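First the structure, in the form of C-alpha cells, and then the observations on it.
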Amino acid sequence: MTEQPSTAADELSARSLGLRGAVNARDLGGYRTADGRVLRNGVALRSDGLNRLGEEDVELLGGLGLRQIVDLRSLDEVREAGPDRVPGLPVADIAAAELSAQPVTVQRTSPDGITLHHLPVFAADFDIYVALRDALADRDPVKQHDLLGDGRAAEMMIGLYRWFVTDPVARERFATVLRLLAAPDGTPLLFHCTAGKDRTGWTAALLLTVLGVDLETVYEDYLLTNVRSGALIEQIVESFGTRGLMQNPSLLLPLFRADRRYLEAAYEEVAAGWPTFDAFWRTGLGLDDTVLAGLRKNLLDD
C-alpha cells in the first residue's frame with residue numbers, strides 16, 4: 001500500500017499538478033503493483049475539467065509534455081462550462097469537437113503537440129449534470145427533497161457507477177481511454193471529466209486494478225478527490241444557499257463527494273457479470289494482452 005501523507009498540508013498537495021483552475025488534477029505515479037513495480041510519475045494523469053484554467057495554468061499544462069488529453073464530459077456539460085483549454089490547439093477546433101454528443105478527435109498540430117479526444121460518457125437515467133440542473137431550476141424545497149433527499153442522491157450515484165459497468169457504450173468509452181494509454185507514443189496522457197471524480201475515478205480504478213495495484217490503494221486514490229476538492233465543494237454548496245437556489249444545499253453533497261460505496265458498486269457489478277476481473281477485461285471491455293502489455297511498458301518501472 002502506498003505511504004500516506006504525514007500532515008494535512010502534505011495530504012492536500014499529494015500528487016497535485018498545481019493547476020489552480022483544476023484543483024483535482026493529479027498524478028497516478030508512485031503507486032506500487034503486486035509484483036513490485038511502480039507507476040512512473042508524469043505519464044498517467046487524472047483531472048477535473050480544464051475549462052477553468054488561467055494563463056499560468058495553461059503554461060504549466062503545456063510544460064507537462066502531454067501527448068494526449070481525454071475529455072469524458074457530456075455535450076451538456078461542455079455547453080454549460082465551456083471547452084477545454086489545451087495548449088497548442090486551435091480554440092475553434094476544440095470547441096467544434098467538444099460540442100458534439102459523439103466522440104471526436106482533434107489531432108496535434110505539431111510533432112510534439114497534444115491530441116485532444118472528446119469521449120462523452122453520460123446516461124439519461126444517471127446524468128448528474130441534468131439532476132443538478134433540474135434541482136436548481138425549481139427552487140421548491142419540497143421538490144428538491146423529493147429528488148435528492150432520504151438517500152436518493154446517493155442511490156442515484158450508486159446507479160451511475162453500476163451503469164459504468166453494465167452499459168456497453170460506456171464500457172467502450174472507458175476501454176478507449178485504456179487503449180490510448182497503451183498506444184506507442186501515447187503517454188503522457190491526462191484524462192478528465194467535470195469534477196474528476198466519477199468517470200475519471202472509474203477510469204483510474206480500472207487502470208490501477210489491471211496493473212495490479214492493491215484494492216485499498218485504489219480506494220485511497222479515489223477518495224483523495226474529497227481532499228483535493230473539499231474546499232471548492234464547500235464553496236459551491238454554500239453558494240447555492242446564499243443565492244437562494246436551495247433551502248437545504250447539503251442535499252447536493254452526495255453528488256459532489258466521492259463515496260467508497262459508489263466505487264464498491266462498480267466492482268460489485270463487475271463481479272456479478274463476470275467470473276474474474278480478467279474476464280471483464282477481455283469480454284466486458286474488449287481488451288487483450290496487447291493492451292495490457294502496452295500499459296505495462298508505458299506506465300511501469302521495475
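Ligands are numbered from 1 in the order shown, residues from 1 within each chain, and chains are lettered A, B, ... in the order they appear in the C-alpha cells.
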Tell me which protein, DNA and RNA residues are within 9 Å of Ala153 (chain A), counting only C-alpha atoms, leaving out same-chain ones fewer than 5 positions away, and put them as a short mmCIF file (atom, residue, chain, number, x, y, z; two decimals) with C-alpha atoms, in the first residue's frame.
data_model
loop_
_atom_site.label_atom_id
_atom_site.label_comp_id
_atom_site.auth_asym_id
_atom_site.auth_seq_id
_atom_site.Cartn_x
_atom_site.Cartn_y
_atom_site.Cartn_z
CA LEU A 147 -35.43 14.40 -5.88
CA LEU A 148 -32.35 14.22 -3.67
CA ILE A 158 -24.65 4.13 -6.98
CA LEU A 251 -28.79 17.64 -0.30
CA LEU A 252 -26.21 18.02 -3.08
CA LEU A 253 -23.25 16.67 -1.11
CA PRO A 254 -23.73 13.03 -2.22
CA LEU A 255 -23.43 14.23 -5.83
#
Contacts of region 169-178 of chain A within 9 Å, only C-alpha atoms, excl. fewer than 2 positions in-chain, as a ChimeraX atom specification: /A:70,72,103,119-123,163-167,180-183,191,199,202-203,206-207,281,284-287,291-292,295
Between CA of Thr109 (chain A) and CA of Gly88 (chain A) - distance in Å to one decimal: 7.1 Å
Alpha helix (DSSP H) residues, from DSSP on the backbone, in region 100-203 of chain A, as a VMD selection string: chain A and resid 128 to 137 141 to 148 152 to 166 168 to 182 199 to 203
For the residues selected in the previous step, produce a file with N, CA and C atoms as a short mmCIF file (atom, residue, chain, number, x, y, z; two decimals), in the first residue's frame.
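Output file result.cif follows:
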data_model
loop_
_atom_site.label_atom_id
_atom_site.label_comp_id
_atom_site.auth_asym_id
_atom_site.auth_seq_id
_atom_site.Cartn_x
_atom_site.Cartn_y
_atom_site.Cartn_z
N ILE A 128 -25.81 13.20 -13.84
CA ILE A 128 -25.75 14.02 -12.63
C ILE A 128 -25.88 15.49 -12.97
N TYR A 129 -25.36 15.88 -14.11
CA TYR A 129 -25.49 17.28 -14.52
C TYR A 129 -26.96 17.65 -14.69
N VAL A 130 -27.73 16.78 -15.32
CA VAL A 130 -29.16 17.05 -15.53
C VAL A 130 -29.89 17.07 -14.20
N ALA A 131 -29.55 16.14 -13.30
CA ALA A 131 -30.19 16.11 -11.98
C ALA A 131 -29.92 17.40 -11.22
N LEU A 132 -28.68 17.86 -11.29
CA LEU A 132 -28.33 19.11 -10.62
C LEU A 132 -29.07 20.29 -11.24
N ARG A 133 -29.11 20.32 -12.55
CA ARG A 133 -29.81 21.42 -13.24
C ARG A 133 -31.29 21.44 -12.88
N ASP A 134 -31.90 20.26 -12.85
CA ASP A 134 -33.32 20.18 -12.51
C ASP A 134 -33.57 20.61 -11.07
N ALA A 135 -32.67 20.22 -10.17
CA ALA A 135 -32.84 20.57 -8.76
C ALA A 135 -32.74 22.07 -8.55
N LEU A 136 -31.87 22.72 -9.31
CA LEU A 136 -31.68 24.16 -9.13
C LEU A 136 -32.72 24.98 -9.90
N ALA A 137 -33.25 24.42 -10.98
CA ALA A 137 -34.22 25.15 -11.78
C ALA A 137 -35.52 25.38 -11.01
N PRO A 141 -38.31 23.73 -2.18
CA PRO A 141 -37.55 22.82 -1.31
C PRO A 141 -38.16 21.43 -1.19
N VAL A 142 -39.49 21.33 -1.31
CA VAL A 142 -40.14 20.02 -1.23
C VAL A 142 -39.75 19.18 -2.43
N LYS A 143 -39.80 19.77 -3.63
CA LYS A 143 -39.42 19.03 -4.84
C LYS A 143 -37.94 18.67 -4.82
N GLN A 144 -37.11 19.57 -4.32
CA GLN A 144 -35.69 19.27 -4.24
C GLN A 144 -35.44 18.11 -3.29
N HIS A 145 -36.16 18.09 -2.18
CA HIS A 145 -36.02 16.97 -1.24
C HIS A 145 -36.53 15.68 -1.85
N ASP A 146 -37.62 15.76 -2.58
CA ASP A 146 -38.16 14.56 -3.23
C ASP A 146 -37.18 13.98 -4.24
N LEU A 147 -36.39 14.85 -4.88
CA LEU A 147 -35.43 14.40 -5.88
C LEU A 147 -34.15 13.85 -5.25
N LEU A 148 -33.68 14.52 -4.18
CA LEU A 148 -32.35 14.22 -3.67
C LEU A 148 -32.31 13.72 -2.23
N ARG A 152 -31.72 9.47 -1.70
CA ARG A 152 -31.96 9.30 -3.14
C ARG A 152 -30.78 9.81 -3.98
N ALA A 153 -30.09 10.85 -3.52
CA ALA A 153 -28.93 11.33 -4.28
C ALA A 153 -27.84 10.27 -4.31
N ALA A 154 -27.61 9.63 -3.16
CA ALA A 154 -26.60 8.58 -3.10
C ALA A 154 -27.02 7.38 -3.95
N GLU A 155 -28.30 7.05 -3.93
CA GLU A 155 -28.78 5.94 -4.76
C GLU A 155 -28.57 6.25 -6.24
N MET A 156 -28.75 7.51 -6.60
CA MET A 156 -28.52 7.92 -7.98
C MET A 156 -27.05 7.69 -8.36
N MET A 157 -26.16 8.03 -7.44
CA MET A 157 -24.73 7.85 -7.72
C MET A 157 -24.37 6.37 -7.81
N ILE A 158 -24.91 5.56 -6.93
CA ILE A 158 -24.65 4.13 -6.98
C ILE A 158 -25.15 3.54 -8.30
N GLY A 159 -26.32 3.99 -8.73
CA GLY A 159 -26.84 3.55 -10.02
C GLY A 159 -25.92 3.95 -11.17
N LEU A 160 -25.36 5.14 -11.08
CA LEU A 160 -24.44 5.61 -12.11
C LEU A 160 -23.22 4.70 -12.21
N TYR A 161 -22.64 4.35 -11.08
CA TYR A 161 -21.44 3.52 -11.09
C TYR A 161 -21.75 2.11 -11.59
N ARG A 162 -22.92 1.60 -11.29
CA ARG A 162 -23.31 0.30 -11.84
C ARG A 162 -23.47 0.41 -13.36
N TRP A 163 -24.01 1.52 -13.81
CA TRP A 163 -24.18 1.75 -15.25
C TRP A 163 -22.84 1.82 -15.96
N PHE A 164 -21.81 2.34 -15.31
CA PHE A 164 -20.48 2.35 -15.91
C PHE A 164 -20.09 0.95 -16.39
N VAL A 165 -20.54 -0.07 -15.66
CA VAL A 165 -20.15 -1.45 -15.93
C VAL A 165 -21.14 -2.15 -16.86
N THR A 166 -22.42 -1.87 -16.71
CA THR A 166 -23.43 -2.62 -17.46
C THR A 166 -23.69 -2.08 -18.85
N PRO A 168 -22.91 -1.04 -22.52
CA PRO A 168 -21.84 -1.36 -23.48
C PRO A 168 -21.16 -0.13 -24.07
N VAL A 169 -21.91 0.96 -24.28
CA VAL A 169 -21.29 2.16 -24.83
C VAL A 169 -20.33 2.77 -23.80
N ALA A 170 -20.77 2.83 -22.56
CA ALA A 170 -19.89 3.35 -21.51
C ALA A 170 -18.63 2.50 -21.40
N ARG A 171 -18.79 1.19 -21.42
CA ARG A 171 -17.62 0.30 -21.34
C ARG A 171 -16.65 0.57 -22.48
N GLU A 172 -17.18 0.78 -23.67
CA GLU A 172 -16.32 1.03 -24.82
C GLU A 172 -15.57 2.35 -24.68
N ARG A 173 -16.22 3.37 -24.13
CA ARG A 173 -15.53 4.67 -23.93
C ARG A 173 -14.39 4.52 -22.93
N PHE A 174 -14.65 3.82 -21.82
CA PHE A 174 -13.59 3.62 -20.83
C PHE A 174 -12.46 2.78 -21.43
N ALA A 175 -12.82 1.76 -22.22
CA ALA A 175 -11.82 0.92 -22.86
C ALA A 175 -10.96 1.73 -23.83
N THR A 176 -11.57 2.70 -24.49
CA THR A 176 -10.83 3.55 -25.43
C THR A 176 -9.73 4.32 -24.71
N VAL A 177 -10.03 4.83 -23.52
CA VAL A 177 -9.00 5.55 -22.75
C VAL A 177 -7.83 4.63 -22.44
N LEU A 178 -8.13 3.40 -22.06
CA LEU A 178 -7.07 2.44 -21.74
C LEU A 178 -6.25 2.10 -22.99
N ARG A 179 -6.92 1.98 -24.13
CA ARG A 179 -6.18 1.73 -25.37
C ARG A 179 -5.24 2.91 -25.69
N LEU A 180 -5.72 4.12 -25.49
CA LEU A 180 -4.90 5.30 -25.76
C LEU A 180 -3.69 5.35 -24.84
N LEU A 181 -3.88 4.96 -23.57
CA LEU A 181 -2.76 4.92 -22.63
C LEU A 181 -1.73 3.86 -23.02
N ALA A 182 -2.20 2.80 -23.69
CA ALA A 182 -1.32 1.69 -24.05
C ALA A 182 -0.64 1.88 -25.39
N ARG A 199 -16.48 9.48 -13.57
CA ARG A 199 -15.96 8.84 -14.78
C ARG A 199 -14.44 8.75 -14.73
N THR A 200 -13.81 9.83 -14.27
CA THR A 200 -12.36 9.82 -14.10
C THR A 200 -11.95 8.82 -13.02
N GLY A 201 -12.72 8.77 -11.94
CA GLY A 201 -12.41 7.84 -10.86
C GLY A 201 -12.49 6.39 -11.29
N TRP A 202 -13.51 6.05 -12.09
CA TRP A 202 -13.65 4.67 -12.55
C TRP A 202 -12.56 4.33 -13.57
N THR A 203 -12.20 5.27 -14.43
CA THR A 203 -11.11 5.04 -15.36
C THR A 203 -9.81 4.75 -14.61
#
Region 30-40 of chain A environment, 7 Å, only C-alpha atoms, sequence neighbours closer than 4 positions dropped, as an MDAnalysis selection string: chainID A and resid 2 211:214 299:302
Expected file: the selected residues, N, CA and C atoms, as a short mmCIF file (atom, residue, chain, number, x, y, z; two decimals), in the first residue's frame:
data_model
loop_
_atom_site.label_atom_id
_atom_site.label_comp_id
_atom_site.auth_asym_id
_atom_site.auth_seq_id
_atom_site.Cartn_x
_atom_site.Cartn_y
_atom_site.Cartn_z
N THR A 2 0.41 2.29 -0.63
CA THR A 2 1.21 3.50 -0.70
C THR A 2 1.30 4.16 0.66
N LEU A 211 -3.27 -3.14 -13.53
CA LEU A 211 -1.82 -3.12 -13.35
C LEU A 211 -1.38 -3.84 -12.08
N GLY A 212 -2.35 -4.19 -11.22
CA GLY A 212 -2.02 -4.96 -10.03
C GLY A 212 -1.82 -4.14 -8.78
N VAL A 213 -2.32 -2.91 -8.75
CA VAL A 213 -2.30 -2.11 -7.51
C VAL A 213 -3.37 -2.66 -6.58
N ASP A 214 -3.04 -2.78 -5.27
CA ASP A 214 -4.00 -3.41 -4.36
C ASP A 214 -5.25 -2.54 -4.21
N LEU A 299 3.75 2.63 -18.57
CA LEU A 299 3.45 3.20 -17.25
C LEU A 299 4.30 2.70 -16.11
N LEU A 300 4.91 1.51 -16.25
CA LEU A 300 5.56 0.90 -15.10
C LEU A 300 7.08 0.93 -15.19
N ASP A 301 7.73 1.17 -14.05
CA ASP A 301 9.16 0.99 -13.89
C ASP A 301 9.41 -0.27 -13.07
N ASP A 302 10.57 -0.88 -13.27
CA ASP A 302 10.94 -2.04 -12.45
C ASP A 302 11.27 -1.58 -11.03
#
All strand (DSSP E or B) positions in region 16-48 of chain A, as JSON, numbers by chain: {"A": [16, 26, 27, 32, 33, 38, 39, 44, 45, 46, 47]}
Create the file for the chosen residues now, containing N, CA and C atoms and written as a PDB file, in the first residue's frame.
ATOM      1  N   SER A  16      -0.639  16.554  -6.575  1.00  0.00           N
ATOM      2  CA  SER A  16      -1.232  17.671  -7.301  1.00  0.00           C
ATOM      3  C   SER A  16      -0.362  18.111  -8.472  1.00  0.00           C
ATOM      4  N   ARG A  26      -4.155  15.559 -10.781  1.00  0.00           N
ATOM      5  CA  ARG A  26      -3.105  14.878 -10.028  1.00  0.00           C
ATOM      6  C   ARG A  26      -2.513  13.709 -10.808  1.00  0.00           C
ATOM      7  N   ASP A  27      -1.396  13.244 -10.277  1.00  0.00           N
ATOM      8  CA  ASP A  27      -0.569  12.231 -10.924  1.00  0.00           C
ATOM      9  C   ASP A  27      -0.850  10.864 -10.304  1.00  0.00           C
ATOM     10  N   ARG A  32       2.470   1.316  -6.186  1.00  0.00           N
ATOM     11  CA  ARG A  32       3.207   0.068  -6.356  1.00  0.00           C
ATOM     12  C   ARG A  32       2.255  -1.066  -6.711  1.00  0.00           C
ATOM     13  N   THR A  33       2.696  -1.932  -7.609  1.00  0.00           N
ATOM     14  CA  THR A  33       1.887  -3.067  -8.032  1.00  0.00           C
ATOM     15  C   THR A  33       2.255  -4.309  -7.213  1.00  0.00           C
ATOM     16  N   VAL A  38       6.490  -0.065 -10.065  1.00  0.00           N
ATOM     17  CA  VAL A  38       5.954   1.224  -9.628  1.00  0.00           C
ATOM     18  C   VAL A  38       5.481   2.019 -10.833  1.00  0.00           C
ATOM     19  N   LEU A  39       4.322   2.666 -10.699  1.00  0.00           N
ATOM     20  CA  LEU A  39       3.834   3.531 -11.771  1.00  0.00           C
ATOM     21  C   LEU A  39       4.756   4.737 -11.905  1.00  0.00           C
ATOM     22  N   ALA A  44       0.535   9.069 -16.468  1.00  0.00           N
ATOM     23  CA  ALA A  44      -0.916   8.879 -16.395  1.00  0.00           C
ATOM     24  C   ALA A  44      -1.464   9.873 -15.387  1.00  0.00           C
ATOM     25  N   LEU A  45      -2.180  10.860 -15.886  1.00  0.00           N
ATOM     26  CA  LEU A  45      -2.668  11.970 -15.065  1.00  0.00           C
ATOM     27  C   LEU A  45      -4.185  12.009 -15.106  1.00  0.00           C
ATOM     28  N   ARG A  46      -4.807  12.351 -13.968  1.00  0.00           N
ATOM     29  CA  ARG A  46      -6.263  12.456 -13.883  1.00  0.00           C
ATOM     30  C   ARG A  46      -6.614  13.858 -13.409  1.00  0.00           C
ATOM     31  N   SER A  47      -7.798  14.341 -13.798  1.00  0.00           N
ATOM     32  CA  SER A  47      -8.104  15.738 -13.500  1.00  0.00           C
ATOM     33  C   SER A  47      -9.599  15.997 -13.524  1.00  0.00           C
TER      34      SER A  47
END
Close residues, Val58 (chain A) itself excluded, 9 Å, only C-alpha atoms, min 5 positions apart in chain, as a ChimeraX atom specification: /A:19,50,53,63,85-87
Shortest interatomic distance to Lys297 (chain A) - which of A:Gly230, A:Pro184, A:Gly241, A:Gly82, counting only C-alpha atoms: A:Pro184
Interatomic distance (Å, one decimal) between CA of Asp150 (chain A) and CA of Ala271 (chain A): 27.9 Å
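Each of A:Ala272, A:Ile236, A:Leu116, A:Ala92 was checked against Phe256 (chain A) using only C-alpha atoms; the smallest atom-to-atom distance is that of A:Ile236.
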Distance query Ala25 (chain A) at most 12 Å, only C-alpha atoms, self and fewer than 4 positions along chain excluded, as a ChimeraX atom specification: /A:12-21,42,44-50,53,57,60-61,190-197,200-201,224-225,227-229
Would you mind exporting N, CA and C atoms of the selected residues as a JSON list (two decimals), in the first residue's frame?
[["chain", "number", "residue", "atom", "x", "y", "z"],
["A", 12, "LEU", "N", -3.04, 17.56, 1.26],
["A", 12, "LEU", "CA", -3.68, 18.47, 0.32],
["A", 12, "LEU", "C", -2.88, 18.60, -0.97],
["A", 13, "SER", "N", -1.55, 18.56, -0.84],
["A", 13, "SER", "CA", -0.71, 18.73, -2.03],
["A", 13, "SER", "C", -0.37, 17.41, -2.69],
["A", 14, "ALA", "N", -0.82, 16.30, -2.10],
["A", 14, "ALA", "CA", -0.45, 14.99, -2.62],
["A", 14, "ALA", "C", -0.79, 14.85, -4.09],
["A", 15, "ARG", "N", 0.22, 14.55, -4.89],
["A", 15, "ARG", "CA", 0.05, 14.23, -6.30],
["A", 15, "ARG", "C", -0.44, 15.40, -7.15],
["A", 16, "SER", "N", -0.64, 16.55, -6.57],
["A", 16, "SER", "CA", -1.23, 17.67, -7.30],
["A", 16, "SER", "C", -0.36, 18.11, -8.47],
["A", 17, "LEU", "N", -1.01, 18.49, -9.57],
["A", 17, "LEU", "CA", -0.30, 19.06, -10.70],
["A", 17, "LEU", "C", -0.13, 20.56, -10.56],
["A", 18, "GLY", "N", -0.74, 21.14, -9.53],
["A", 18, "GLY", "CA", -0.56, 22.57, -9.27],
["A", 18, "GLY", "C", -1.38, 23.48, -10.14],
["A", 19, "LEU", "N", -2.46, 22.97, -10.73],
["A", 19, "LEU", "CA", -3.32, 23.80, -11.58],
["A", 19, "LEU", "C", -4.38, 24.47, -10.71],
["A", 20, "ARG", "N", -4.37, 25.77, -10.65],
["A", 20, "ARG", "CA", -5.33, 26.49, -9.81],
["A", 20, "ARG", "C", -6.76, 26.35, -10.33],
["A", 21, "GLY", "N", -6.90, 26.24, -11.63],
["A", 21, "GLY", "CA", -8.23, 26.13, -12.21],
["A", 21, "GLY", "C", -8.71, 24.70, -12.33],
["A", 42, "GLY", "N", 4.24, 11.24, -13.97],
["A", 42, "GLY", "CA", 4.11, 12.10, -15.13],
["A", 42, "GLY", "C", 3.62, 11.45, -16.40],
["A", 44, "ALA", "N", 0.53, 9.07, -16.47],
["A", 44, "ALA", "CA", -0.92, 8.88, -16.39],
["A", 44, "ALA", "C", -1.46, 9.87, -15.39],
["A", 45, "LEU", "N", -2.18, 10.86, -15.89],
["A", 45, "LEU", "CA", -2.67, 11.97, -15.07],
["A", 45, "LEU", "C", -4.18, 12.01, -15.11],
["A", 46, "ARG", "N", -4.81, 12.35, -13.97],
["A", 46, "ARG", "CA", -6.26, 12.46, -13.88],
["A", 46, "ARG", "C", -6.61, 13.86, -13.41],
["A", 47, "SER", "N", -7.80, 14.34, -13.80],
["A", 47, "SER", "CA", -8.10, 15.74, -13.50],
["A", 47, "SER", "C", -9.60, 16.00, -13.52],
["A", 48, "ASP", "N", -9.96, 17.14, -12.96],
["A", 48, "ASP", "CA", -11.28, 17.71, -13.20],
["A", 48, "ASP", "C", -11.20, 18.53, -14.48],
["A", 49, "GLY", "N", -12.26, 19.26, -14.82],
["A", 49, "GLY", "CA", -12.34, 19.95, -16.10],
["A", 49, "GLY", "C", -11.21, 20.95, -16.32],
["A", 50, "LEU", "N", -10.79, 21.08, -17.56],
["A", 50, "LEU", "CA", -9.72, 22.02, -17.93],
["A", 50, "LEU", "C", -10.27, 23.32, -18.50],
["A", 53, "LEU", "N", -9.03, 26.84, -16.63],
["A", 53, "LEU", "CA", -7.61, 27.14, -16.49],
["A", 53, "LEU", "C", -7.31, 28.59, -16.85],
["A", 57, "ASP", "N", -1.98, 28.44, -15.66],
["A", 57, "ASP", "CA", -2.30, 27.02, -15.71],
["A", 57, "ASP", "C", -2.03, 26.44, -17.09],
["A", 60, "LEU", "N", 1.58, 25.96, -17.50],
["A", 60, "LEU", "CA", 2.03, 24.81, -16.72],
["A", 60, "LEU", "C", 1.63, 23.50, -17.39],
["A", 61, "LEU", "N", 0.39, 23.45, -17.88],
["A", 61, "LEU", "CA", -0.09, 22.25, -18.58],
["A", 61, "LEU", "C", 0.78, 21.97, -19.80],
["A", 190, "LEU", "N", -3.50, 12.70, -20.07],
["A", 190, "LEU", "CA", -4.36, 13.19, -19.00],
["A", 190, "LEU", "C", -5.81, 12.92, -19.38],
["A", 191, "PHE", "N", -6.57, 12.30, -18.46],
["A", 191, "PHE", "CA", -8.00, 12.07, -18.70],
["A", 191, "PHE", "C", -8.79, 12.78, -17.61],
["A", 192, "HIS", "N", -9.99, 13.28, -17.99],
["A", 192, "HIS", "CA", -10.76, 14.06, -17.03],
["A", 192, "HIS", "C", -12.23, 14.07, -17.38],
["A", 193, "CYS", "N", -13.04, 14.45, -16.40],
["A", 193, "CYS", "CA", -14.45, 14.76, -16.63],
["A", 193, "CYS", "C", -14.70, 16.14, -16.04],
["A", 194, "THR", "N", -15.82, 16.37, -15.39],
["A", 194, "THR", "CA", -16.09, 17.69, -14.83],
["A", 194, "THR", "C", -15.44, 17.86, -13.46],
["A", 195, "ALA", "N", -15.73, 16.95, -12.54],
["A", 195, "ALA", "CA", -15.18, 17.03, -11.19],
["A", 195, "ALA", "C", -13.94, 16.17, -11.01],
["A", 196, "GLY", "N", -13.64, 15.32, -11.98],
["A", 196, "GLY", "CA", -12.51, 14.41, -11.83],
["A", 196, "GLY", "C", -12.78, 13.35, -10.78],
["A", 197, "LYS", "N", -14.03, 12.97, -10.62],
["A", 197, "LYS", "CA", -14.43, 12.09, -9.52],
["A", 197, "LYS", "C", -15.03, 10.78, -10.00],
["A", 200, "THR", "N", -13.81, 9.83, -14.27],
["A", 200, "THR", "CA", -12.36, 9.82, -14.10],
["A", 200, "THR", "C", -11.95, 8.82, -13.02],
["A", 201, "GLY", "N", -12.72, 8.77, -11.94],
["A", 201, "GLY", "CA", -12.41, 7.84, -10.86],
["A", 201, "GLY", "C", -12.49, 6.39, -11.29],
["A", 224, "LEU", "N", -9.21, 10.50, -2.56],
["A", 224, "LEU", "CA", -8.38, 11.70, -2.49],
["A", 224, "LEU", "C", -9.07, 12.90, -3.12],
["A", 225, "THR", "N", -10.05, 12.65, -3.96],
["A", 225, "THR", "CA", -10.85, 13.74, -4.52],
["A", 225, "THR", "C", -11.45, 14.61, -3.41],
["A", 227, "VAL", "N", -10.23, 15.32, -0.59],
["A", 227, "VAL", "CA", -9.20, 16.19, -0.03],
["A", 227, "VAL", "C", -8.89, 17.32, -1.01],
["A", 228, "ARG", "N", -8.67, 16.95, -2.27],
["A", 228, "ARG", "CA", -8.28, 17.94, -3.26],
["A", 228, "ARG", "C", -9.41, 18.95, -3.52],
["A", 229, "SER", "N", -10.66, 18.49, -3.55],
["A", 229, "SER", "CA", -11.78, 19.34, -3.95],
["A", 229, "SER", "C", -12.66, 19.78, -2.78]]
CA of Gln102 (chain A) to CA of Val78 (chain A), straight-line distance in Å: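 A separation of 12.6 Å between them.
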